[in-house]
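Trainee: Take this structure, written in structure tokens, and hold onto it; I'll ask about it next.
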Amino acid sequence: MPSPPKNVDQLAWQHEGLVLNAFGAALKRRHGGRIQRVSIDAGFTCPNVDGAVARGGCNFCDNRSFSPSRRVRLKRVIEQLETGIQSVRRRYHNVQGFIAYFQPATNTYAPVDQLAELFESTLAVSDEVVGLAIGTRPDCAPESVLELLENLSRRHDVSLEYGMQTMYDESLQWMNRAHCHEHMVNAVDRSRGRGFECCAHIILGLPGETHAMMMETANEIGRLGVDAIKLHNLYAVTGTPLGDQVIAGEIQMMQRDDYIQTVVDFLERISPAVIVERISGDAPPDYLIEPKWCLEKSALRLAIENEFRRRGTRQGSRFSSPATDPAERPRPADLTPPEIRSQIEKRGRLPVLKMQP
Ligand code: SF4
């Protein structure tokens, strides 16, 4: 199914009385009906786990399952999507289409021919699959991958989600991200203008980051010129270095009220044209250590919206356009580390993604 025109009216949400440019409403406007995401685990690993750039992974990430030896058959990926579609259909009767969401691990970390086969097979499952959302790291998007996504986005909605987290290298180091903010700037500057949507994941409440620092990250979103953002509160799950530190009392999570104020302050600085795909993060209750308040997602969302209304503001109220229009920045040279690029530009199926036909 050809993708309807994107950005039909970027500010339509304001006329609808919303306080932020919410994702669900934006998709509905674009496609003329409800669109649901279906999460897929295609068996990827991560260069921050398999030793290409580091081992151990990010301190908050439960990556024990990202063993380089795990295998997911392409058939199984297709089954995941079909089962997910059926399960959404049972819950909602008015769904118009689906987005296949490649969520766990680093979903562009595989030989590019294999990525093409995976993404095209997924889109071919049904006319109802209107697009792809692909989560990855900013140091894992070489030109070959961006060209593939550019081609796919001529016929479908494609969103590339970069784990930016923060603009501060010291925080990225604390998380053991094994990339720096320069990789994010480089990836976004090479992604812009190719027809797919560029989304940045942000974590609020990182230890050592002051309120002023988080607001500077909000301003950096404007300088980068991404199309969408996902906000997450820092949360700790069992079996991770962060979880151990939280249990030992070495790290405190943000309090709920502080988070609400920070999200509103943050979104006031985000351009009204940017789509807000998430305003909090959580984990299954069995694994979540802290904070427990993030499990009450609907109440949290309502509290954030109410805070906007109490202030009489909305997303973008305090946004100022960056000094340089991001669209004017020239496309830079590719900074993808050679250790990652060599895995993606390999011919054939091995060794990164162990997906089998
Ligand atoms: S980059 Fe993503 S997948 Fe890799 S360890 Fe960090 S959070 Fe996990």
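Here's how to read the names in the structure tokens: chain A, B, ... by the order shown, residue numbers from 1 in each chain, ligand numbers from 1 in the order shown.
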What lies within 12 Å of Gln103 of chain A using only C-alpha atoms, ignoring chain neighbours under 4 positions off, as a ChimeraX atom specification?
Mentor: /A:37-45,99,107-108,132-137,159-163
Trainee: Can I get the residues of chain A within 8 Å of ligand 1, each with the closest pair of atoms and their distance in Å to one decimal, using only C-alpha atoms and all ligand atoms, sorted chain first then ascending number, as JSON lines?
Mentor:
{"residue": "A:Thr45", "atom": "CA", "partner": "ligand 1", "partner_atom_place_in_ligand_line": "3 (S)", "distance": 7.1}
{"residue": "A:Cys46", "atom": "CA", "partner": "ligand 1", "partner_atom_place_in_ligand_line": "4 (Fe)", "distance": 4.7}
{"residue": "A:Pro47", "atom": "CA", "partner": "ligand 1", "partner_atom_place_in_ligand_line": "4 (Fe)", "distance": 6.7}
{"residue": "A:Asn48", "atom": "CA", "partner": "ligand 1", "partner_atom_place_in_ligand_line": "4 (Fe)", "distance": 5.2}
{"residue": "A:Val49", "atom": "CA", "partner": "ligand 1", "partner_atom_place_in_ligand_line": "5 (S)", "distance": 5.9}
{"residue": "A:Gly56", "atom": "CA", "partner": "ligand 1", "partner_atom_place_in_ligand_line": "5 (S)", "distance": 7.1}
{"residue": "A:Gly57", "atom": "CA", "partner": "ligand 1", "partner_atom_place_in_ligand_line": "5 (S)", "distance": 3.5}
{"residue": "A:Cys58", "atom": "CA", "partner": "ligand 1", "partner_atom_place_in_ligand_line": "6 (Fe)", "distance": 4.1}
{"residue": "A:Asn59", "atom": "CA", "partner": "ligand 1", "partner_atom_place_in_ligand_line": "5 (S)", "distance": 7.6}
{"residue": "A:Phe60", "atom": "CA", "partner": "ligand 1", "partner_atom_place_in_ligand_line": "7 (S)", "distance": 7.0}
{"residue": "A:Cys61", "atom": "CA", "partner": "ligand 1", "partner_atom_place_in_ligand_line": "8 (Fe)", "distance": 4.6}
{"residue": "A:Asp62", "atom": "CA", "partner": "ligand 1", "partner_atom_place_in_ligand_line": "8 (Fe)", "distance": 6.8}
{"residue": "A:Asn63", "atom": "CA", "partner": "ligand 1", "partner_atom_place_in_ligand_line": "8 (Fe)", "distance": 5.7}
{"residue": "A:Pro104", "atom": "CA", "partner": "ligand 1", "partner_atom_place_in_ligand_line": "3 (S)", "distance": 6.3}
{"residue": "A:Ala105", "atom": "CA", "partner": "ligand 1", "partner_atom_place_in_ligand_line": "3 (S)", "distance": 3.5}
{"residue": "A:Thr106", "atom": "CA", "partner": "ligand 1", "partner_atom_place_in_ligand_line": "3 (S)", "distance": 5.2}
{"residue": "A:Thr136", "atom": "CA", "partner": "ligand 1", "partner_atom_place_in_ligand_line": "2 (Fe)", "distance": 6.9}
{"residue": "A:Arg137", "atom": "CA", "partner": "ligand 1", "partner_atom_place_in_ligand_line": "1 (S)", "distance": 5.8}
{"residue": "A:Gly163", "atom": "CA", "partner": "ligand 1", "partner_atom_place_in_ligand_line": "2 (Fe)", "distance": 7.0}
{"residue": "A:Asn176", "atom": "CA", "partner": "ligand 1", "partner_atom_place_in_ligand_line": "6 (Fe)", "distance": 7.8}
{"residue": "A:Arg177", "atom": "CA", "partner": "ligand 1", "partner_atom_place_in_ligand_line": "6 (Fe)", "distance": 5.9}
Trainee: For the selection you just gave me, I'd like the residues written to a file as a compact mmCIF listing (two decimals), in the first residue's frame, keeping C-alpha atoms.
Mentor:
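The new file selection-v6.txt reads:
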# COMPACT_ATOMS: atom_id res chain seq x y z
CA THR A 45 22.39 -8.63 18.74
CA CYS A 46 24.18 -5.33 19.48
CA PRO A 47 27.71 -4.06 18.80
CA ASN A 48 27.74 -2.90 22.41
CA VAL A 49 27.25 -6.49 23.55
CA GLY A 56 28.30 -5.77 28.55
CA GLY A 57 25.93 -3.34 26.87
CA CYS A 58 24.29 -0.27 28.37
CA ASN A 59 24.00 -0.34 32.14
CA PHE A 60 20.17 -0.21 32.02
CA CYS A 61 19.70 -2.78 29.26
CA ASP A 62 18.75 -6.36 30.01
CA ASN A 63 20.70 -7.80 27.10
CA PRO A 104 14.86 -5.25 20.91
CA ALA A 105 18.62 -4.93 20.32
CA THR A 106 20.16 -3.04 17.35
CA THR A 136 19.01 1.29 16.39
CA ARG A 137 22.12 3.05 17.67
CA GLY A 163 19.01 5.85 20.86
CA ASN A 176 28.34 2.44 28.80
CA ARG A 177 26.78 3.39 25.47
Trainee: Which residues are near Pro138 of chain A? Cut-off 6 Å, only C-alpha atoms, ignore same chain within fewer than 2 positions. Put them as a PyMOL selection string.
Mentor: chain A and resi 140+162+183-184+187
Trainee: Please produce a file of the residues just selected, as a PDB file, in the first residue's frame, where the atoms kept are C-alpha atoms.
Mentor:
ATOM      1  CA  CYS A 140      25.020   1.767  13.386  1.00  0.00           C
ATOM      2  CA  TYR A 162      18.051   6.404  17.225  1.00  0.00           C
ATOM      3  CA  HIS A 183      27.628   9.946  16.275  1.00  0.00           C
ATOM      4  CA  MET A 184      24.039  11.099  16.810  1.00  0.00           C
ATOM      5  CA  ALA A 187      23.630   9.992  11.817  1.00  0.00           C
TER       6      ALA A 187
END
Trainee: What's the separation between atom CA of Tyr92 of chain A and atom CA of Arg34 of chain A, in Å to one decimal place?
Mentor: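 Distance between the two atoms: 9.4 Å.
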Trainee: So that I can see what lies close to segment 199-207 of chain A, please list as an mmCIF file with C-alpha atoms, in the first residue's frame the residues with an atom at most 7 Å from it, counting only C-alpha atoms and leaving out residues fewer than 5 positions away in the same chain.
Mentor:
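To be explicit, this is the file written out as around_18.cif:
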data_model
loop_
_atom_site.group_PDB
_atom_site.id
_atom_site.type_symbol
_atom_site.label_atom_id
_atom_site.label_comp_id
_atom_site.auth_asym_id
_atom_site.auth_seq_id
_atom_site.Cartn_x
_atom_site.Cartn_y
_atom_site.Cartn_z
ATOM 1 C CA SER A 159 10.821 5.446 10.994
ATOM 2 C CA LEU A 160 14.416 5.053 12.127
ATOM 3 C CA GLU A 161 14.668 5.376 15.902
ATOM 4 C CA TYR A 162 18.051 6.404 17.225
ATOM 5 C CA GLY A 163 19.006 5.851 20.863
ATOM 6 C CA MET A 164 20.361 9.323 21.543
ATOM 7 C CA GLN A 165 19.484 9.338 25.296
ATOM 8 C CA THR A 166 21.239 12.653 26.057
ATOM 9 C CA MET A 214 18.069 18.206 30.414
ATOM 10 C CA VAL A 226 14.547 15.230 14.140
ATOM 11 C CA ASP A 227 10.937 14.441 13.189
ATOM 12 C CA ALA A 228 9.909 12.635 16.370
ATOM 13 C CA ILE A 229 10.999 11.926 19.953
ATOM 14 C CA LYS A 230 10.388 9.272 22.581
ATOM 15 C CA LEU A 231 10.870 10.297 26.205
ATOM 16 C CA HIS A 232 11.679 7.746 28.887
ATOM 17 C CA ASN A 233 12.205 8.140 32.604
ATOM 18 C CA LEU A 234 15.313 6.276 33.755
ATOM 19 C CA MET A 253 15.430 7.397 40.510
ATOM 20 C CA MET A 254 13.488 10.559 39.748
#
Trainee: Can you pull out the residues contacting Thr262 of chain A? Cut-off 9 Å, using only C-alpha atoms, and skip same-chain residues under 2 positions away; I want them as an MDAnalysis selection string.
Mentor: chainID A and resid 204:205 211 214:215 257:260 264:267
Trainee: Run DSSP on the backbone and tell me which residues of segment 228-308 of chain A come out as strand (DSSP E); list them as a list in words.
Mentor: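 Taking segment 228-308 of chain A and keeping strand (DSSP E) gives Ala228, Ile229, Lys230, Leu231, His232, Asn233, Ala236, Val237, Ile275, Val276, Glu277, Arg278, Leu288, Ile289 and Glu290 of chain A.
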Trainee: Name the residues of segment 42-168 of chain A that come out as alpha helix (DSSP H) in a backbone DSSP run; write them as number ranges by chain.
Mentor: A: 74-91, 112-123, 143-152
Trainee: Which residues are close to Ile85 of chain A, i.e. within 12 Å by only C-alpha atoms, leaving aside same-chain residues fewer than 5 positions away? Reply as a list in words.
Mentor: Ile35, Gln36, Arg37, Val38, Ser39, Ile40, Ile78, Glu79, Gln80, Arg90, Arg91, Tyr92, His93, Val95, Gln96, Gly97, Phe98, Ile99, Ala100, Tyr101, Val125, Ser126, Glu128 and Val129 of chain A
Trainee: For a quick check of understanding, using only C-alpha atoms, which of A:Gly131, A:Pro111, A:Gly222, A:Pro272 has the smallest distance to Gly316 of chain A?
Mentor: A:Pro272
Trainee: Given only C-alpha atoms as the basis, pick out the residue of A:Ala54, A:Met213, A:Val145, A:Ala110 nearest to Gln173 of chain A.
Mentor: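 Comparing A:Ala54, A:Met213, A:Val145, A:Ala110 against Gln173 of chain A, the winner is A:Ala54.
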Trainee: Write out as a list in words which residues come within 8 Å of Leu11 of chain A when counting only C-alpha atoms, dropping same-chain ones fewer than 3 positions away.
Mentor: Gln14, His15, Asn21, Pro272 and Ala273 of chain A
Trainee: One decimal, in Å: what's the spacing between atom CA of Pro142 of chain A and atom CA of Trp174 of chain A?
Mentor: 25.2 Å
Trainee: For a quick check of understanding, using only C-alpha atoms, which of A:Glu147, A:Glu16, A:Asp169, A:Glu305 has the smallest distance to Gly195 of chain A?
Mentor: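 Once distances to Gly195 of chain A are computed over only C-alpha atoms, the minimum belongs to A:Glu147.
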Trainee: Could you work out how far atom CA of Ile275 of chain A lies from atom CA of Leu288 of chain A, giving the answer in Å with one decimal?
Mentor: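 Rounded to one decimal, the two atoms are 27.5 Å apart.
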